[in-house]
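Undergrad: Sharing a structure below in structure tokens format, with a few things to ask.
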Amino acid sequence: MSINKETMLQHLKDPAVICCRKEKGKVIGPEDLEDPAIFDDMIESGLLELSSEGLTIEQVVGCTLMQDTEALTPLTKDLLNKVNPVEGPAPKAEAPVETFAPVVSQSVKSDGSIHIEIGKAEKIENLKFDIPVIAGAAAAAETAAPSGQKHVMRTLIKKHIKITDAEIGTETSIKDGKITIDKNIIEKALKEDELCVKMELDVIHPDERHQYTNTIMDVVPIATKVEGEHLGSGVTKVADGVVFMLTGTDEDGTQVHEFGSSEGYLDEKMYFGHPGCADENDIIIRCNTTVKRLTGMTRPGPFAAHKCQDYVIQAVRDELKKYDGEVVREEVCEDVRREGNPRVVLVKEIMGQGAMHDNVLCPTEPCGVQGGQKNVDCGNVPIMLTPNQVRDGSIHALTCIGPATKEMTRHYIREPLVEGLAADEELDLIGVVCVGSPQVNDEKMWVSERLGYLLETLDIDGCIITTEGFGNNHIDFIQHIGQAGSRGIPVVGVSFCAYQGQLVVGNKYADAMVEENMDAGGFENDVAGCSCVTPEVAARAIQMLKNKMAGVKINPAPKKWNNDVINENNKLLGLPETVLLDNGTLH
Amino acid sequence: MKLTTVEGMTSEIFVPVTPAPVFNELKKPLSECKVAFITAGGIHKKDQTPFNTSGDFSYRVIPFDTPSDQLMVTHGGFDNSDINKDVNAMFPIDRLHELVDAGFIGSLPEETYTFMGGGGNVEKFKNETGPEIARKLKEQGVDVVLCTGGCGTCHRSATIVTRCCEEAGMSCCVIAALPPIARQQGAPRITAPHVPIGSNAGEPNNVEMQTAIVKESLEWVRDCPSYNQIKVLPYEYSHNV
């Protein structure tokens with residue numbers, strides 16, 4: 001691929017290599033030269049061999065080829081009519097500083113614009129221009145703007161209510177910290193969707209984890225609105241110490257939600273404590289479902305299971321609304337503007353390929369199903385949520401992908417990147433963009449373009465883009481990174497890649513990337529919630545973004561997944577080591 | 001507001017390298033060629049062991065005289081409903097028999113090989129499964145290999161195995177629902193119908209579309225001028241999942 005003049009100027013001292021076949025008599029210009037930025041890749045893949053006799057770009061531009069030359073030939077003296085003389089070593093090393101320090105005068109004009117005059121600089125002389133600035137800014141520039149001033153737009157209070165036990169009984173209630181669910185609710189719940197033909201409820205206490213479970217489709221907190229019309233503001237009660245876990249098979253016993261299934265012993269198949277998972281001491285209310293045969297890998301089947309479970313959870317939510325239990329923690333979440341700070345957004349690429357690759361957005365109740373819209377039905381277009389909306393359970397995950405790399409419903413209500421960015425006083429988190437990943441390539445490109453223009457019009461200074469899963473969604477992921485990068489927006493990508501999920505496509509903007517993997521072999525290891533956004537992943541991503549926005553270099557990734565690189569970054573940031581789980585996965 | 005920065009951080013994920021070109025010009029007419037069809041889309045016979053959906057570098061042997069209703073899919077990476085309706089949407093075995101009958105292609109080998117490329121182990125496919133499938137096809141005198149991917153990493157595995165077949169001397173084309181992956185991973189030739197993953201070889205039960213996609217992919221094997229070139233096929237199908 002040839003380069004343009006701008007790229008050429010950045011690479012004057014790099015080797016000159018012909019990009020495609022050129023005939024004798026051609027006068028060499030940037031359009032004839034290969035991009036030095038990709039030489040490493042080309043050498044590694046055997047496409048290119050650099051010659052010790054090779055000339056640099058500044059030595060060959062404007063010279064004439066004396067013979068027909070094949071693609072990817074490094075230019076040498078014998079191929080050209082002449083070689084440009086080059087003065088000494090690289091100018092940066094020896095040039096006196098003054099050469100690069102133009103004499104600049106600056107004054108604020110009466111119309112508020114700033115007048116800048118450059119007296120003398122290398123190759124630029126007597127250049128003058130006026131930069132219009134918004135009224136008032138000029139004055140502010142002189143007095144150091146008050147930056148980062150916080151304006152609270154919306155407050156959400158999450159009251160965590162202590163729950164100490166749960167059982168399946170003959171009435172639905174919460175009394176003295178104990179949740180009881182009427183076993184007869186199952187019959188009513190199944191009426192929600194005929195594709196879900198059977199449901200069993202049981203309770204798994206923390207000391208009963210070593211028991212068989214069907215694949216873990218989802219982990220859902222019990223949370224309910226008690227004040228405020230919509231998710232994201234007012235008061236939400238969250239049951240503390242208990243979660244729902246949805247599991248399932250179809251009528252033939254085939255596990256539902258498979259790109260890898262987490263069926264097996266629960267203590268080995270869930271990464272307890274990770275954001276999407278149950279915590280070590282949580283009581284788990286298991287909702288085991290059976291869907292009609294052959295519907296497990298289609299869109300309606302798994303959704304039916306989610307819908308029926310939600311019916312049960314709603315009955316508990318209704319009890320939680322009335323229950324005045326002990327508040328173990330009161331979490332105050334704010335949607336804020338921090339004016340003057342760098343404007344950033346978090347882009348969460350969520351699944352949108354149909355089957356179980358889907359999500360319900362903005363339901364009526366936190367983490368609920370009813371009242372929400374599915375992102376697949378919305379065309380997978382980018383949808384902006386506020387940080388509070390995400391933290392109030394606006395995303396209900398229907399996702400399968402791999403157990404280890406999917407983000408379950410609980411993940412979103414306590415997403416470490418949302419928490420980290422929202423709390424960061426150096427940044428101004430504008431919002432969280434949810435964008436689906438369609439299954440048709442053309443649609444992926446179309447959706448990604450929409451995201452690009454959204455990012456552009458938001459006038460942001462940086463963004464972090466994450467994706468759950470791996471594989472085809474990495475096309476969108478890389479495309480999104482390109483949409484930001486090509487607009488000059490500093491961008492950091494976050495995903496599971498490692499060995500099994502190594503990127504299938506790439507571009508030059510994917511140069512600040514954070515790995516989520518926590519499996520020893522770098523595989524999707526079928527342990528629910530294992531390789532996902534953790535607080536450590538979030539911290540590294542946020543720091544990389546700040547570095548990129550501030551112009552601090554991020555070293556290029558080695559050409560092979562290596563957990564030591566991740567731990568070096570952890571060390572730099574004072575984070576705990578990323579210890580990999582070895583459950584023998586090799587496939 | 002000043003941003004806190006930390007010097008010395010390293011990017012943790014690399015972008016892929018496009019491998020070296022591999023390309024064999026097809027030297028005889030299609031009507032004289034033995035054509036094989038392989039797929040990474042998780043197709044197997046109903047009486048065979050299903051694939052492990054989180055990653056599986058094994059393959060299944062499919063005799064070409066297997067009736068299409070004896071085939072099924074085990075794949076977790078996409079909505080299976082199209083293949084459940086018609087396996088030809090991923091593995092157009094009926095269309096291939098029709099093309100032999102019509103004289104468009106010469107013959108089919110006795111057997112072919114299918115795998116589940118989702119989450120495929122790159123080294124295993126590159127060094128073991130791919131070369132083995134290529135050798136077995138070559139031994140049957142195959143000239144042309146067509147291949148469908150399924151999901152994203154399937155396209156990677158599909159491309160790796162297709163490259164192995166090209167390296168073994170056959171002329172091959174990946175029929176890609178996700179052409180950027182086939183391109184980046186170095187497929188020798190690529191055709192790209194506008195179809196969703198899961199119906200990579202065309203709409204289920206749409207014989208006309210499936211035939212056209214197979215035929216034009218074969219013609220691209222014949223006509224593609226050089227390595228890694230894409231031909232976009234004018235067939236569009238989207239399913240309402």
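Quick note on naming: the chains in the structure tokens go A, B, ... in the order shown, residues restart at 1 in each chain, and ligands are numbered from 1 in order of appearance.
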Just the strand (DSSP E or B) stuff from stretch 31-143 of chain B, please, per backbone DSSP, written as a list of chain:residue names.
TA: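 So, restricting stretch 31-143 of chain B to strand (DSSP E or B), we get B:Lys34, B:Val35, B:Ala36, B:Phe37, B:Ile38, B:Thr39, B:Gly41, B:Ile43, B:His44, B:Lys45, B:Tyr59, B:Arg60, B:Val61, B:Ile62, B:Pro63, B:Leu71, B:Met72, B:Val73, B:Ser107, B:Glu111, B:Thr112, B:Tyr113, B:Thr114, B:Phe115, B:Met116.
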Undergrad: Tell me which protein, DNA and RNA residues are within 7 Å of stretch 166-176 of chain A, counting only C-alpha atoms, leaving out same-chain ones fewer than 2 positions away, and put them as a ChimeraX atom specification.
TA: /A:178-183,202-203,316,319-320,323
Undergrad: Output N, CA and C atoms for every residue in the selection just made, as a CSV table (one decimal), in the first residue's frame.
TA:
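Saved to again_22.csv:
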chain,number,residue,atom,x,y,z
A,178,LYS,N,-35.1,-13.1,55.2
A,178,LYS,CA,-35.2,-14.3,54.5
A,178,LYS,C,-36.2,-14.2,53.3
A,179,ILE,N,-35.7,-14.6,52.1
A,179,ILE,CA,-36.6,-14.6,51.0
A,179,ILE,C,-37.3,-16.0,50.9
A,180,THR,N,-38.6,-16.0,50.7
A,180,THR,CA,-39.3,-17.2,50.5
A,180,THR,C,-40.0,-17.0,49.1
A,181,ILE,N,-39.9,-18.1,48.3
A,181,ILE,CA,-40.6,-18.0,47.0
A,181,ILE,C,-41.6,-19.2,46.9
A,182,ASP,N,-42.8,-18.8,46.6
A,182,ASP,CA,-43.9,-19.8,46.5
A,182,ASP,C,-43.6,-20.7,45.3
A,183,LYS,N,-43.5,-22.0,45.6
A,183,LYS,CA,-43.2,-22.9,44.5
A,183,LYS,C,-44.3,-23.0,43.4
A,202,ASP,N,-34.4,-23.8,43.1
A,202,ASP,CA,-33.8,-24.3,44.3
A,202,ASP,C,-32.8,-23.2,44.8
A,203,VAL,N,-32.3,-23.4,46.0
A,203,VAL,CA,-31.4,-22.5,46.6
A,203,VAL,C,-30.1,-23.1,46.9
A,316,VAL,N,-40.4,-11.4,43.6
A,316,VAL,CA,-39.5,-11.1,44.8
A,316,VAL,C,-39.3,-9.6,44.9
A,319,GLU,N,-41.9,-7.9,46.7
A,319,GLU,CA,-41.8,-8.0,48.2
A,319,GLU,C,-40.7,-7.1,48.7
A,320,LEU,N,-39.6,-7.0,47.9
A,320,LEU,CA,-38.5,-6.2,48.3
A,320,LEU,C,-38.9,-4.7,48.5
A,323,TYR,N,-40.3,-4.3,51.8
A,323,TYR,CA,-39.5,-4.8,53.0
A,323,TYR,C,-38.6,-3.8,53.5
Undergrad: Taking a cut-off of 8 Å and counting only C-alpha atoms, can you build a table that, for each residue of stretch 332-402 of chain A near stretch 438-462 of chain A, reports the nearest atom pair and how far apart they are in Å (one decimal), sorted by chain then residue number, as a Markdown table?
TA:
| residue | atom | partner | partner_atom | distance |
| --- | --- | --- | --- | --- |
| A:Pro342 | CA | A:Asp461 | CA | 5.5 |
| A:Arg343 | CA | A:Ile460 | CA | 4.9 |
| A:Val344 | CA | A:Gly462 | CA | 4.9 |
| A:Val345 | CA | A:Gly462 | CA | 6.9 |
| A:Met351 | CA | A:Pro438 | CA | 7.5 |
| A:Gly352 | CA | A:Pro438 | CA | 5.0 |
| A:Gln353 | CA | A:Gln439 | CA | 4.6 |
| A:Gly354 | CA | A:Gln439 | CA | 7.7 |
| A:Val376 | CA | A:Pro438 | CA | 7.5 |
| A:Gly379 | CA | A:Pro438 | CA | 7.9 |
| A:Asn380 | CA | A:Pro438 | CA | 6.4 |
| A:Val381 | CA | A:Val447 | CA | 5.6 |
| A:Pro382 | CA | A:Leu451 | CA | 6.0 |
Undergrad: Compute the chain A side of the contact with chain B at 6 Å, counting only C-alpha atoms, and hand it back as an NGL selection string.
TA: :A and (41 or 45 or 47 or 147 or 258-260 or 297-298 or 341 or 354-355 or 439-441 or 471-472 or 500 or 504-506 or 512-515 or 547 or 554-557 or 559 or 569 or 587)
Undergrad: In Å to one decimal, how far is atom CA of A:Val291 from atom CA of A:Ile413?
TA: 27.1 Å
Undergrad: Quick one: residues within 7 Å of B:Ala36, only C-alpha atoms counted, chain neighbours fewer than 4 positions away excluded, as a PDB file with N, CA and C atoms, in the first residue's frame?
TA:
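Resulting contents of out.pdb:
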ATOM      1  N   LEU B 108     -17.033 -35.230  -7.850  1.00  0.00           N
ATOM      2  CA  LEU B 108     -16.794 -34.961  -6.434  1.00  0.00           C
ATOM      3  C   LEU B 108     -15.902 -36.068  -5.900  1.00  0.00           C
ATOM      4  N   PRO B 109     -15.078 -35.784  -4.898  1.00  0.00           N
ATOM      5  CA  PRO B 109     -14.298 -36.857  -4.295  1.00  0.00           C
ATOM      6  C   PRO B 109     -15.232 -37.773  -3.504  1.00  0.00           C
ATOM      7  N   THR B 112     -15.414 -35.900   2.055  1.00  0.00           N
ATOM      8  CA  THR B 112     -14.847 -34.591   2.388  1.00  0.00           C
ATOM      9  C   THR B 112     -14.774 -34.467   3.907  1.00  0.00           C
ATOM     10  N   VAL B 142      -8.306 -34.182  -5.819  1.00  0.00           N
ATOM     11  CA  VAL B 142      -9.126 -32.967  -5.862  1.00  0.00           C
ATOM     12  C   VAL B 142      -8.357 -31.822  -6.532  1.00  0.00           C
ATOM     13  N   VAL B 144     -10.123 -28.541  -6.982  1.00  0.00           N
ATOM     14  CA  VAL B 144     -10.686 -27.277  -6.495  1.00  0.00           C
ATOM     15  C   VAL B 144     -11.329 -27.522  -5.124  1.00  0.00           C
ATOM     16  N   VAL B 145     -11.082 -26.584  -4.185  1.00  0.00           N
ATOM     17  CA  VAL B 145     -11.705 -26.691  -2.862  1.00  0.00           C
ATOM     18  C   VAL B 145     -12.473 -25.408  -2.574  1.00  0.00           C
ATOM     19  N   LEU B 146     -13.749 -25.555  -2.247  1.00  0.00           N
ATOM     20  CA  LEU B 146     -14.527 -24.419  -1.750  1.00  0.00           C
ATOM     21  C   LEU B 146     -14.727 -24.618  -0.255  1.00  0.00           C
TER      22      LEU B 146
END
Undergrad: With only C-alpha atoms as the counted atoms, please give the residues lying no more than 12 Å from A:Leu190, apart from itself and same-chain residues fewer than 3 positions off, as a VMD selection string.
TA: chain A and resid 184 to 187 193 to 200 287 289 to 291 304 to 312
Undergrad: Could you please take those selected residues and save N, CA and C atoms as an mmCIF file, in the first residue's frame?
TA:
data_model
loop_
_atom_site.group_PDB
_atom_site.id
_atom_site.type_symbol
_atom_site.label_atom_id
_atom_site.label_comp_id
_atom_site.auth_asym_id
_atom_site.auth_seq_id
_atom_site.Cartn_x
_atom_site.Cartn_y
_atom_site.Cartn_z
ATOM 1 N N ASN A 184 -45.482 -22.551 43.773
ATOM 2 C CA ASN A 184 -46.560 -22.544 42.777
ATOM 3 C C ASN A 184 -46.431 -21.426 41.739
ATOM 4 N N ILE A 185 -45.454 -20.544 41.988
ATOM 5 C CA ILE A 185 -45.266 -19.454 41.023
ATOM 6 C C ILE A 185 -44.772 -19.990 39.677
ATOM 7 N N ILE A 186 -44.158 -21.159 39.710
ATOM 8 C CA ILE A 186 -43.579 -21.744 38.489
ATOM 9 C C ILE A 186 -44.635 -21.888 37.396
ATOM 10 N N GLU A 187 -45.794 -22.398 37.813
ATOM 11 C CA GLU A 187 -46.873 -22.619 36.855
ATOM 12 C C GLU A 187 -47.265 -21.320 36.136
ATOM 13 N N ASP A 193 -44.238 -17.607 28.461
ATOM 14 C CA ASP A 193 -43.733 -17.953 27.127
ATOM 15 C C ASP A 193 -43.800 -19.457 26.932
ATOM 16 N N GLU A 194 -44.500 -19.874 25.885
ATOM 17 C CA GLU A 194 -44.726 -21.305 25.710
ATOM 18 C C GLU A 194 -43.471 -22.069 25.308
ATOM 19 N N LEU A 195 -42.432 -21.352 24.874
ATOM 20 C CA LEU A 195 -41.197 -22.059 24.504
ATOM 21 C C LEU A 195 -40.439 -22.558 25.731
ATOM 22 N N CYS A 196 -40.752 -21.980 26.885
ATOM 23 C CA CYS A 196 -40.141 -22.465 28.121
ATOM 24 C C CYS A 196 -41.131 -23.456 28.733
ATOM 25 N N VAL A 197 -40.741 -24.724 28.726
ATOM 26 C CA VAL A 197 -41.718 -25.756 29.069
ATOM 27 C C VAL A 197 -41.599 -26.255 30.508
ATOM 28 N N LYS A 198 -40.496 -25.935 31.159
ATOM 29 C CA LYS A 198 -40.314 -26.468 32.506
ATOM 30 C C LYS A 198 -39.386 -25.543 33.296
ATOM 31 N N MET A 199 -39.637 -25.463 34.597
ATOM 32 C CA MET A 199 -38.762 -24.649 35.440
ATOM 33 C C MET A 199 -38.647 -25.302 36.811
ATOM 34 N N GLU A 200 -37.430 -25.268 37.348
ATOM 35 C CA GLU A 200 -37.235 -25.730 38.726
ATOM 36 C C GLU A 200 -36.516 -24.621 39.491
ATOM 37 N N CYS A 287 -32.625 -20.940 38.959
ATOM 38 C CA CYS A 287 -33.829 -21.101 38.160
ATOM 39 C C CYS A 287 -33.432 -21.944 36.953
ATOM 40 N N THR A 289 -34.225 -24.048 33.735
ATOM 41 C CA THR A 289 -35.323 -24.057 32.775
ATOM 42 C C THR A 289 -35.094 -25.103 31.686
ATOM 43 N N THR A 290 -36.182 -25.502 31.050
ATOM 44 C CA THR A 290 -36.108 -26.364 29.867
ATOM 45 C C THR A 290 -36.868 -25.660 28.754
ATOM 46 N N VAL A 291 -36.199 -25.510 27.610
ATOM 47 C CA VAL A 291 -36.883 -24.884 26.474
ATOM 48 C C VAL A 291 -37.194 -25.948 25.428
ATOM 49 N N ALA A 304 -37.194 -16.954 26.062
ATOM 50 C CA ALA A 304 -38.336 -17.445 26.838
ATOM 51 C C ALA A 304 -37.907 -17.767 28.266
ATOM 52 N N ALA A 305 -36.732 -18.378 28.399
ATOM 53 C CA ALA A 305 -36.237 -18.714 29.736
ATOM 54 C C ALA A 305 -35.999 -17.457 30.569
ATOM 55 N N HIS A 306 -35.398 -16.456 29.937
ATOM 56 C CA HIS A 306 -35.154 -15.190 30.654
ATOM 57 C C HIS A 306 -36.468 -14.544 31.093
ATOM 58 N N LYS A 307 -37.447 -14.606 30.204
ATOM 59 C CA LYS A 307 -38.732 -13.967 30.472
ATOM 60 C C LYS A 307 -39.432 -14.654 31.659
ATOM 61 N N CYS A 308 -39.409 -15.970 31.650
ATOM 62 C CA CYS A 308 -40.086 -16.698 32.726
ATOM 63 C C CYS A 308 -39.375 -16.487 34.056
ATOM 64 N N GLN A 309 -38.043 -16.470 34.031
ATOM 65 C CA GLN A 309 -37.323 -16.190 35.271
ATOM 66 C C GLN A 309 -37.661 -14.804 35.782
ATOM 67 N N ASP A 310 -37.779 -13.853 34.853
ATOM 68 C CA ASP A 310 -38.062 -12.477 35.252
ATOM 69 C C ASP A 310 -39.420 -12.379 35.956
ATOM 70 N N TYR A 311 -40.332 -13.236 35.552
ATOM 71 C CA TYR A 311 -41.641 -13.253 36.218
ATOM 72 C C TYR A 311 -41.466 -13.613 37.699
ATOM 73 N N VAL A 312 -40.606 -14.583 37.951
ATOM 74 C CA VAL A 312 -40.352 -14.997 39.333
ATOM 75 C C VAL A 312 -39.639 -13.884 40.101
#
Undergrad: State, in Å with one decimal place, the distance from atom CA of B:Thr39 to atom CA of B:Gln70.
TA: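 Interatomic distance, atom CA of B:Thr39 to atom CA of B:Gln70: 16.1 Å.
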